[in-house]
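Next comes target.csv, a file with CSV, C-alpha atoms and all ligand atoms.
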```csv
chain,number,residue,atom,x,y,z
A,773,MET,CA,21.4,43.8,-11.8
A,774,THR,CA,20.2,40.2,-12.3
A,775,SER,CA,18.9,37.8,-9.6
A,776,ALA,CA,18.0,34.2,-9.2
A,777,PHE,CA,16.1,32.3,-6.5
A,778,GLY,CA,16.8,28.8,-5.2
A,779,PRO,CA,14.1,27.2,-3.0
A,780,GLY,CA,14.9,25.3,0.2
A,781,LYS,CA,13.7,21.7,0.5
A,782,VAL,CA,11.9,19.5,2.9
A,783,ILE,CA,12.4,15.7,2.8
A,784,LEU,CA,9.1,13.9,3.3
A,785,LEU,CA,10.5,10.4,3.1
A,786,GLY,CA,13.9,8.6,2.7
A,787,GLU,CA,16.7,10.8,4.0
A,788,HIS,CA,19.9,8.9,4.8
A,789,ALA,CA,18.6,5.8,3.0
A,790,VAL,CA,18.9,7.8,-0.2
A,791,VAL,CA,22.7,7.9,0.3
A,792,TYR,CA,22.7,4.1,0.0
A,793,GLY,CA,20.5,3.9,-3.1
A,794,ALA,CA,16.9,4.0,-1.7
A,795,GLN,CA,14.2,6.2,-3.2
A,796,ALA,CA,13.4,9.5,-1.3
A,797,ILE,CA,10.6,12.1,-1.7
A,798,ALA,CA,11.3,15.8,-1.2
A,799,GLY,CA,9.6,19.0,-2.0
A,800,ALA,CA,10.7,22.6,-2.7
A,801,LEU,CA,9.8,25.1,0.0
A,802,GLU,CA,8.3,28.6,-0.6
A,803,ARG,CA,11.4,29.9,1.3
A,804,GLY,CA,14.8,30.0,-0.1
A,805,VAL,CA,17.9,32.0,-1.1
A,806,THR,CA,18.1,34.9,-3.5
A,807,ALA,CA,21.4,35.7,-5.2
A,808,GLU,CA,21.8,39.1,-6.9
A,809,ALA,CA,24.6,40.0,-9.2
A,810,VAL,CA,25.8,43.6,-9.6
A,811,PRO,CA,28.6,44.7,-11.9
A,812,ALA,CA,32.0,44.8,-10.2
A,813,PRO,CA,35.7,44.9,-11.2
A,814,ARG,CA,36.1,41.1,-10.6
A,815,CYS,CA,34.0,38.1,-9.7
A,816,ARG,CA,33.4,38.1,-5.9
A,817,LEU,CA,31.0,37.2,-3.2
A,818,GLN,CA,29.7,39.6,-0.5
A,819,VAL,CA,30.1,37.3,2.5
A,820,PRO,CA,27.0,37.5,4.7
A,821,GLN,CA,27.4,38.8,8.3
A,822,GLY,CA,27.0,36.6,11.4
A,823,ILE,CA,28.0,33.2,10.0
A,824,SER,CA,30.5,30.9,11.7
A,825,ALA,CA,34.1,30.5,10.5
A,826,LEU,CA,33.3,27.0,9.2
A,827,VAL,CA,30.3,28.2,7.1
A,828,ARG,CA,32.4,31.1,5.8
A,829,LYS,CA,35.1,28.7,4.7
A,830,GLN,CA,32.6,26.4,3.0
A,831,LEU,CA,30.9,29.4,1.3
A,832,ARG,CA,34.2,30.6,-0.1
A,833,CYS,CA,35.0,27.1,-1.4
A,834,ALA,CA,31.5,26.8,-3.0
A,835,PHE,CA,31.6,30.2,-4.6
A,836,ASP,CA,35.0,29.6,-6.0
A,837,ALA,CA,33.8,26.4,-7.6
A,838,ALA,CA,30.9,28.2,-9.3
A,839,ALA,CA,33.0,31.1,-10.3
A,840,GLU,CA,35.6,28.8,-11.9
A,841,ALA,CA,32.9,26.8,-13.7
A,842,THR,CA,31.4,30.0,-15.2
A,843,GLY,CA,34.5,31.8,-16.3
A,844,ARG,CA,34.5,34.3,-13.4
A,845,PRO,CA,32.1,37.0,-14.8
A,846,PRO,CA,32.9,40.5,-13.4
A,847,VAL,CA,30.0,40.7,-10.8
A,848,GLU,CA,29.6,40.9,-7.1
A,849,VAL,CA,27.1,38.4,-5.8
A,850,ARG,CA,24.9,39.4,-2.8
A,851,LEU,CA,22.8,36.8,-0.9
A,852,THR,CA,19.6,37.2,1.0
A,853,SER,CA,17.7,34.2,2.6
A,854,ASP,CA,14.6,33.6,4.6
A,855,LEU,CA,15.7,30.0,5.2
A,856,PRO,CA,17.2,28.9,8.5
A,857,ILE,CA,20.8,27.6,7.9
A,858,SER,CA,22.2,24.2,9.0
A,859,MET,CA,18.7,22.9,9.9
A,860,GLY,CA,18.1,20.3,7.2
A,861,LEU,CA,16.1,22.5,5.0
A,862,GLY,CA,18.5,22.6,2.1
A,863,SER,CA,19.9,26.1,2.6
A,864,SER,CA,23.3,25.2,1.1
A,865,ALA,CA,21.6,23.6,-2.0
A,866,ALA,CA,19.2,26.6,-2.3
A,867,LEU,CA,22.3,28.9,-2.2
A,868,SER,CA,24.2,26.6,-4.7
A,869,VAL,CA,21.2,26.7,-7.2
A,870,ALA,CA,20.8,30.5,-6.9
A,871,VAL,CA,24.5,31.3,-7.2
A,872,SER,CA,25.0,28.8,-10.1
A,873,ARG,CA,22.2,30.4,-12.1
A,874,VAL,CA,23.1,34.0,-11.4
A,875,LEU,CA,26.8,33.5,-12.3
A,876,ALA,CA,26.0,31.4,-15.4
A,877,GLU,CA,23.6,34.1,-16.6
A,878,ALA,CA,26.1,36.9,-15.8
A,879,SER,CA,28.5,35.0,-18.1
A,880,GLY,CA,26.0,35.2,-20.9
A,881,GLU,CA,24.9,31.6,-20.7
A,882,ARG,CA,21.3,30.3,-20.9
A,883,PRO,CA,22.1,27.3,-18.7
A,884,SER,CA,20.2,24.0,-18.9
A,885,ARG,CA,19.0,22.3,-15.8
A,886,ARG,CA,21.8,19.7,-16.3
A,887,ARG,CA,24.5,22.4,-16.4
A,888,LEU,CA,23.1,24.1,-13.3
A,889,GLY,CA,23.0,20.7,-11.6
A,890,ASP,CA,26.7,20.1,-12.3
A,891,ILE,CA,27.7,23.5,-10.9
A,892,ALA,CA,25.4,23.2,-7.9
A,893,HIS,CA,26.7,19.7,-7.2
A,894,ALA,CA,30.4,20.9,-7.2
A,895,MET,CA,29.3,23.7,-4.8
A,896,GLU,CA,27.4,21.2,-2.5
A,897,ARG,CA,30.6,19.1,-2.1
A,898,CYS,CA,32.2,22.1,-0.2
A,899,PHE,CA,29.3,21.9,2.3
A,900,HIS,CA,28.5,18.2,2.5
A,901,GLY,CA,31.5,16.1,1.3
A,902,THR,CA,29.6,13.5,-0.8
A,903,PRO,CA,26.0,14.6,-1.0
A,904,SER,CA,23.4,12.3,-2.5
A,905,GLY,CA,22.3,15.2,-4.8
A,906,LEU,CA,18.7,15.1,-3.4
A,907,ASP,CA,18.9,18.6,-2.0
A,908,HIS,CA,19.9,20.4,-5.2
A,909,ALA,CA,17.8,18.2,-7.5
A,910,CYS,CA,14.8,19.3,-5.4
A,911,SER,CA,15.8,23.0,-5.4
A,912,LEU,CA,16.4,22.9,-9.2
A,913,SER,CA,13.1,21.2,-9.9
A,914,ALA,CA,11.3,23.8,-7.7
A,915,GLY,CA,8.6,21.1,-7.2
A,916,LEU,CA,7.9,17.8,-5.5
A,917,ILE,CA,10.2,15.0,-6.6
A,918,SER,CA,11.0,11.4,-6.1
A,919,TYR,CA,14.8,10.9,-6.2
A,920,ARG,CA,17.1,8.0,-6.5
A,921,LYS,CA,20.9,7.9,-6.6
A,922,ALA,CA,22.7,4.9,-8.1
A,923,PRO,CA,25.5,4.0,-5.6
A,924,GLY,CA,28.9,5.0,-6.9
A,925,ARG,CA,27.4,7.4,-9.4
A,926,GLU,CA,27.6,11.2,-9.1
A,927,HIS,CA,24.1,12.0,-10.4
A,928,GLY,CA,20.8,10.6,-9.3
A,929,SER,CA,17.6,10.7,-11.2
A,930,ALA,CA,14.6,12.9,-10.2
A,931,THR,CA,11.0,12.5,-11.2
A,932,LEU,CA,8.6,15.3,-10.8
A,933,LEU,CA,5.5,14.2,-8.9
A,934,SER,CA,2.0,15.7,-9.3
A,935,PRO,CA,0.0,15.4,-6.1
A,936,SER,CA,-3.7,15.4,-6.7
A,937,VAL,CA,-4.3,17.5,-3.6
A,938,PRO,CA,-1.9,20.1,-2.1
A,939,LEU,CA,0.3,19.0,0.8
A,940,GLU,CA,0.1,21.4,3.7
A,941,LEU,CA,3.2,21.3,5.9
A,942,ALA,CA,4.2,22.7,9.2
A,943,ILE,CA,8.0,22.9,9.8
A,944,LEU,CA,9.4,23.4,13.3
A,945,LEU,CA,12.9,24.3,14.1
A,946,VAL,CA,14.0,22.2,17.1
A,947,GLY,CA,17.5,23.7,17.7
A,948,ALA,CA,21.1,23.7,16.5
A,949,ARG,CA,22.5,20.3,15.4
A,950,ARG,CA,25.9,18.8,14.7
A,951,PRO,CA,26.9,19.3,11.0
A,952,ALA,CA,25.1,16.9,8.7
A,953,ARG,CA,28.3,15.4,7.4
A,954,THR,CA,29.2,14.3,11.0
A,955,THR,CA,25.8,12.6,11.5
A,956,ILE,CA,26.1,10.9,8.1
A,957,ALA,CA,29.7,9.8,8.8
A,958,GLU,CA,28.7,8.3,12.2
A,959,LEU,CA,25.8,6.4,10.6
A,960,ARG,CA,28.3,5.1,8.0
A,961,VAL,CA,30.5,3.7,10.8
A,962,ARG,CA,27.5,1.8,12.4
A,963,LYS,CA,26.5,0.6,9.0
A,964,GLU,CA,29.9,-0.8,8.2
A,965,ARG,CA,30.0,-2.6,11.6
A,966,TRP,CA,26.6,-4.2,11.2
A,967,PRO,CA,26.0,-4.1,7.4
A,968,GLU,CA,23.1,-6.6,7.2
A,969,ARG,CA,21.0,-4.9,9.9
A,970,TYR,CA,21.4,-1.4,8.5
A,971,ALA,CA,20.9,-2.5,4.9
A,972,ARG,CA,17.5,-4.1,6.0
A,973,ILE,CA,16.4,-0.8,7.5
A,974,PHE,CA,17.5,1.3,4.5
A,975,ARG,CA,15.6,-1.1,2.2
A,976,GLU,CA,12.5,-0.8,4.3
A,977,ILE,CA,12.8,3.0,4.2
A,978,GLY,CA,13.0,2.8,0.4
A,979,ARG,CA,9.8,0.7,0.3
A,980,ILE,CA,8.0,3.2,2.5
A,981,SER,CA,9.1,6.0,0.2
A,982,ALA,CA,7.7,4.1,-2.7
A,983,GLU,CA,4.4,3.6,-0.9
A,984,GLY,CA,4.4,7.3,0.1
A,985,ARG,CA,4.8,8.2,-3.5
A,986,GLU,CA,1.8,6.1,-4.5
A,987,ALA,CA,-0.2,7.8,-1.7
A,988,ILE,CA,0.8,11.2,-3.0
A,989,GLU,CA,-0.2,10.4,-6.6
A,990,GLU,CA,-3.6,9.0,-5.4
A,991,GLY,CA,-4.3,11.9,-3.1
A,992,MET,CA,-4.3,9.5,0.0
A,993,LEU,CA,-2.9,12.0,2.5
A,994,GLU,CA,-3.6,9.6,5.4
A,995,GLY,CA,-1.4,7.0,3.7
A,996,LEU,CA,1.3,9.5,3.2
A,997,GLY,CA,1.0,10.6,6.9
A,998,ASP,CA,1.3,7.0,8.1
A,999,ALA,CA,4.4,6.5,5.9
A,1000,MET,CA,6.0,9.6,7.5
A,1001,ASN,CA,5.2,8.3,11.0
A,1002,VAL,CA,6.8,4.9,10.3
A,1003,ASN,CA,9.8,6.6,8.6
A,1004,HIS,CA,10.4,8.6,11.8
A,1005,GLY,CA,10.4,5.4,13.8
A,1006,LEU,CA,13.0,3.9,11.5
A,1007,LEU,CA,15.2,7.0,11.6
A,1008,SER,CA,15.0,6.7,15.4
A,1009,ALA,CA,16.1,3.0,15.0
A,1010,LEU,CA,19.1,4.3,13.0
A,1011,GLY,CA,20.0,6.5,16.0
A,1012,LEU,CA,19.1,9.8,14.2
A,1013,SER,CA,16.5,11.2,16.5
A,1014,SER,CA,16.7,12.9,20.0
A,1015,SER,CA,14.3,13.6,22.8
A,1016,ALA,CA,13.8,17.1,21.5
A,1017,LEU,CA,13.0,15.9,18.0
A,1018,ASP,CA,10.7,13.2,19.3
A,1019,ALA,CA,8.8,15.7,21.5
A,1020,ALA,CA,8.3,18.1,18.5
A,1021,VAL,CA,7.1,15.2,16.3
A,1022,HIS,CA,4.6,14.1,19.0
A,1023,GLY,CA,3.4,17.7,19.5
A,1024,LEU,CA,2.6,17.9,15.8
A,1025,ARG,CA,0.7,14.6,15.9
A,1026,GLN,CA,-1.3,15.9,18.9
A,1027,ALA,CA,-2.1,19.1,17.0
A,1028,GLY,CA,-3.8,16.9,14.3
A,1029,ALA,CA,-0.9,16.1,11.9
A,1030,LEU,CA,-1.7,13.2,9.6
A,1031,GLY,CA,2.0,12.3,10.0
A,1032,ALA,CA,5.1,13.9,11.4
A,1033,LYS,CA,8.8,13.1,11.3
A,1034,LEU,CA,12.3,14.6,11.6
A,1035,THR,CA,13.5,15.9,8.3
A,1036,GLY,CA,17.1,16.1,6.9
A,1037,ALA,CA,20.1,14.6,8.7
A,1038,GLY,CA,18.6,14.9,12.2
A,1039,GLY,CA,21.0,13.9,15.0
A,1040,ASP,CA,20.7,16.1,18.1
A,1041,GLY,CA,18.5,18.9,16.5
A,1042,GLY,CA,17.4,20.3,13.3
A,1043,ALA,CA,13.8,20.4,11.9
A,1044,VAL,CA,10.7,18.3,12.0
A,1045,VAL,CA,7.8,18.3,9.4
A,1046,GLY,CA,4.1,17.6,9.9
A,1047,LEU,CA,1.5,17.0,7.2
A,1048,PHE,CA,-1.9,18.6,7.7
A,1049,SER,CA,-5.2,18.7,6.0
A,1050,SER,CA,-5.3,22.5,5.7
A,1051,ARG,CA,-2.9,25.4,5.9
A,1052,LYS,CA,-4.9,26.9,8.8
A,1053,GLN,CA,-4.4,23.8,10.8
A,1054,ALA,CA,-0.7,23.7,10.0
A,1055,GLU,CA,-0.4,27.4,11.1
A,1056,ARG,CA,-2.2,26.7,14.4
A,1057,ALA,CA,0.2,23.7,15.0
A,1058,VAL,CA,3.2,26.0,14.6
A,1059,VAL,CA,1.8,28.5,17.1
A,1060,ARG,CA,0.8,25.8,19.5
A,1061,SER,CA,4.3,24.2,19.5
A,1062,GLY,CA,5.9,27.3,21.0
A,1063,LEU,CA,8.9,26.6,18.7
A,1064,PRO,CA,10.1,28.7,15.8
A,1065,GLY,CA,8.6,27.4,12.6
A,1066,PHE,CA,6.6,28.2,9.4
A,1067,THR,CA,4.2,26.6,7.0
A,1068,SER,CA,4.6,25.8,3.3
A,1069,THR,CA,2.4,24.2,0.6
A,1070,LEU,CA,3.6,21.6,-1.9
A,1071,THR,CA,1.4,21.6,-5.0
A,1072,GLY,CA,3.6,19.9,-7.5
A,1073,ARG,CA,3.7,23.1,-9.5
A,1074,GLU,CA,6.8,25.2,-9.3
A,1075,ALA,CA,7.2,26.6,-5.8
A,1076,ALA,CA,5.6,30.0,-5.8
A,1077,ARG,CA,6.9,32.6,-3.4
A,1078,ARG,CA,4.1,34.0,-1.1
B,1,LIG,O1,21.8,18.4,5.0
B,1,LIG,P1,20.4,17.8,5.4
B,1,LIG,O2,20.1,17.8,6.8
B,1,LIG,O3,19.3,18.3,4.5
B,1,LIG,O4,20.6,16.2,5.0
B,1,LIG,C1,20.6,15.8,3.8
B,1,LIG,C2,19.9,14.5,3.6
B,1,LIG,C3,20.7,13.2,3.8
B,1,LIG,O5,20.0,12.2,3.2
B,1,LIG,C4,21.0,12.9,5.2
B,1,LIG,C5,22.1,13.4,3.1
B,1,LIG,C6,22.1,13.4,1.6
B,1,LIG,O6,23.1,13.7,1.0
B,1,LIG,O7,21.0,13.0,1.0
```
Re-express the file's structure as structure tokens.
Amino acid sequence: MTSAFGPGKVILLGEHAVVYGAQAIAGALERGVTAEAVPAPRCRLQVPQGISALVRKQLRCAFDAAAEATGRPPVEVRLTSDLPISMGLGSSAALSVAVSRVLAEASGERPSRRRLGDIAHAMERCFHGTPSGLDHACSLSAGLISYRKAPGREHGSATLLSPSVPLELAILLVGARRPARTTIAELRVRKERWPERYARIFREIGRISAEGREAIEEGMLEGLGDAMNVNHGLLSALGLSSSALDAAVHGLRQAGALGAKLTGAGGDGGAVVGLFSSRKQAERAVVRSGLPGFTSTLTGREAARR
């Protein structure tokens, strides 16, 4: 039996704007998806229980793309995950990275990161339509990255960042949300109607990501926190927040977060992230929120499972 792990991701700065070419910053979570491959008569997926018909269809499409790309090795792939799904925490990218790696290895390959990225990107299309590639770039890097996608190009470029101090995060799950592709498509309609206004906001988000990146490299957590707060305001201006997301963000700030924002596609639910000075403080904020949630540390080294 072989197995592979794909970490989930949290976007600290730049979601949505990244689709239009702005820089984004994201880090790999300690939580993720594990894919195990056991010998079987043919290449197949053991479909997890309790998923919706839509997710099952997307999963079959994604698995088929990876199986096709790796010559359909005779294994059954079994998935386990400690990552909430459809919450903006990169569960589909984590799954795509874990499955790409386990199938490529089962075929006798020693796949490069580029090769895994190609397979994972093909899988991600089944879940997201036209993803920016940020999610699986982050999962593949297993670290903290700055990412930029050139518009019209399939692949973006990721740079691994080295924060001089660890980033202690609290992640709260605010509730079910519409599919990310719907939220992204609705934003695209608004952007096409009022292109200049929306382009200005995307540009500003890109600048804030660049400032946040500098703050990370200099260990200026307060500067990063402020960038996250302002980024949340701009996501709100883009129509991507909700009263429940706003309340969770404010709760995290009251609990001492240096900065807090929605993370991922947002819309009517999903997740929020808060930056704290210590893991203890982050853990206390999760408990105090009364919402389901967890903590994770971004160190810049490869995400270690705790
Ligand atoms: O699927 P989510 O919620 O992690 O959103 C992905 C982030 C977006 O920037 C909204 C889309 C993308 O492809 O980058």
* To do: Measuring atom to atom with all atoms listed in the file, identify which of A:Arg882, A:Ile943, A:Lys1033, A:Leu932 is nearest to Ser1068 (chain A).
  =>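 Among the listed residues, A:Ile943 lies closest to Ser1068 (chain A).
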* Using all atoms listed in the file, find each protein or nucleic acid residue lying at most 7 Å from ligand LIG 1 (chain B); present the set as an NGL selection string. => :A and (787-791 or 859-862 or 902-907 or 952 or 956 or 1036-1038)
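CA of Cys833 (chain A) lies 14.5 Å from CA of Val849 (chain A).
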* Looking at all atoms listed in the file, which of A:Gly928, A:Gly1031, A:Ala1043, A:Ala794 is the one that sits closest to Pro1064 (chain A)? ->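 The answer is A:Ala1043, which sits nearest to Pro1064 (chain A).
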* Which of A:Thr806, A:Ser775, A:Thr931, A:Gln1053 sits closest to Leu855 (chain A) [using all atoms listed in the file] -> A:Thr806
* **All residues 10 Å or closer to Asp836 (chain A), only C-alpha atoms, same chain fewer than 6 positions away omitted, as JSON, numbers by chain** => {"A": [815, 816, 817, 830, 842, 844, 894, 895, 898]}
Those selected residues, please, written with C-alpha atoms and delivered as a short mmCIF file (atom, residue, chain, number, x, y, z; two decimals), in the coordinates of the input.
```
data_model
loop_
_atom_site.label_atom_id
_atom_site.label_comp_id
_atom_site.auth_asym_id
_atom_site.auth_seq_id
_atom_site.Cartn_x
_atom_site.Cartn_y
_atom_site.Cartn_z
CA CYS A 815 34.00 38.10 -9.70
CA ARG A 816 33.40 38.10 -5.90
CA LEU A 817 31.00 37.20 -3.20
CA GLN A 830 32.60 26.40 3.00
CA THR A 842 31.40 30.00 -15.20
CA ARG A 844 34.50 34.30 -13.40
CA ALA A 894 30.40 20.90 -7.20
CA MET A 895 29.30 23.70 -4.80
CA CYS A 898 32.20 22.10 -0.20
#
```
* Asked: If we count all atoms listed in the file, what is near Arg985 (chain A) at a cut-off of 10 Å, once residues fewer than 3 positions away on the same chain are taken out, given as a list of chain:residue names?
  ->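 Here the answer would be A:Leu784, A:Leu785, A:Gln795, A:Ala796, A:Ile797, A:Ile917, A:Ser918, A:Leu933, A:Ser934, A:Pro935, A:Arg979, A:Ile980, A:Ser981, A:Ala982, A:Ile988, A:Glu989, A:Glu990, A:Gly991, A:Met992, A:Gly995, A:Leu996, A:Ala999.
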* Asked: If we count all atoms listed in the file, what is near Leu959 (chain A) at a cut-off of 9 Å, once residues fewer than 5 positions away on the same chain are taken out, given as a ChimeraX atom specification?
  -> /A:788,954,964,1010-1012
* Asked: For Gln1026 (chain A), which of A:Trp966, A:Ala1054, A:Asp1040, A:Leu1006 is the closest residue, counting all atoms listed in the file?
  -> A:Ala1054
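Residues with any atom within 12 Å of Leu993 (chain A), counting all atoms listed in the file and excluding same-chain neighbours fewer than 3 positions away, are Pro935, Ser936, Val937, Pro938, Leu939, Glu940, Leu941, Glu983, Gly984, Arg985, Glu986, Ala987, Ile988, Glu989, Glu990, Leu996, Gly997, Asp998, Ala999, Met1000, Ala1029, Leu1030, Gly1031, Gly1046, Leu1047, Phe1048, Ser1049 and Ser1050 of chain A.
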* To do: Write out as a PyMOL selection string each polymer residue whose atoms come within 12 Å of Phe835 (chain A), counting all atoms listed in the file; drop sequence neighbours fewer than 5 positions from it.
  => chain A and resi 807+815-819+827-830+840-842+844+848-851+864+867-872+874-875+891-899
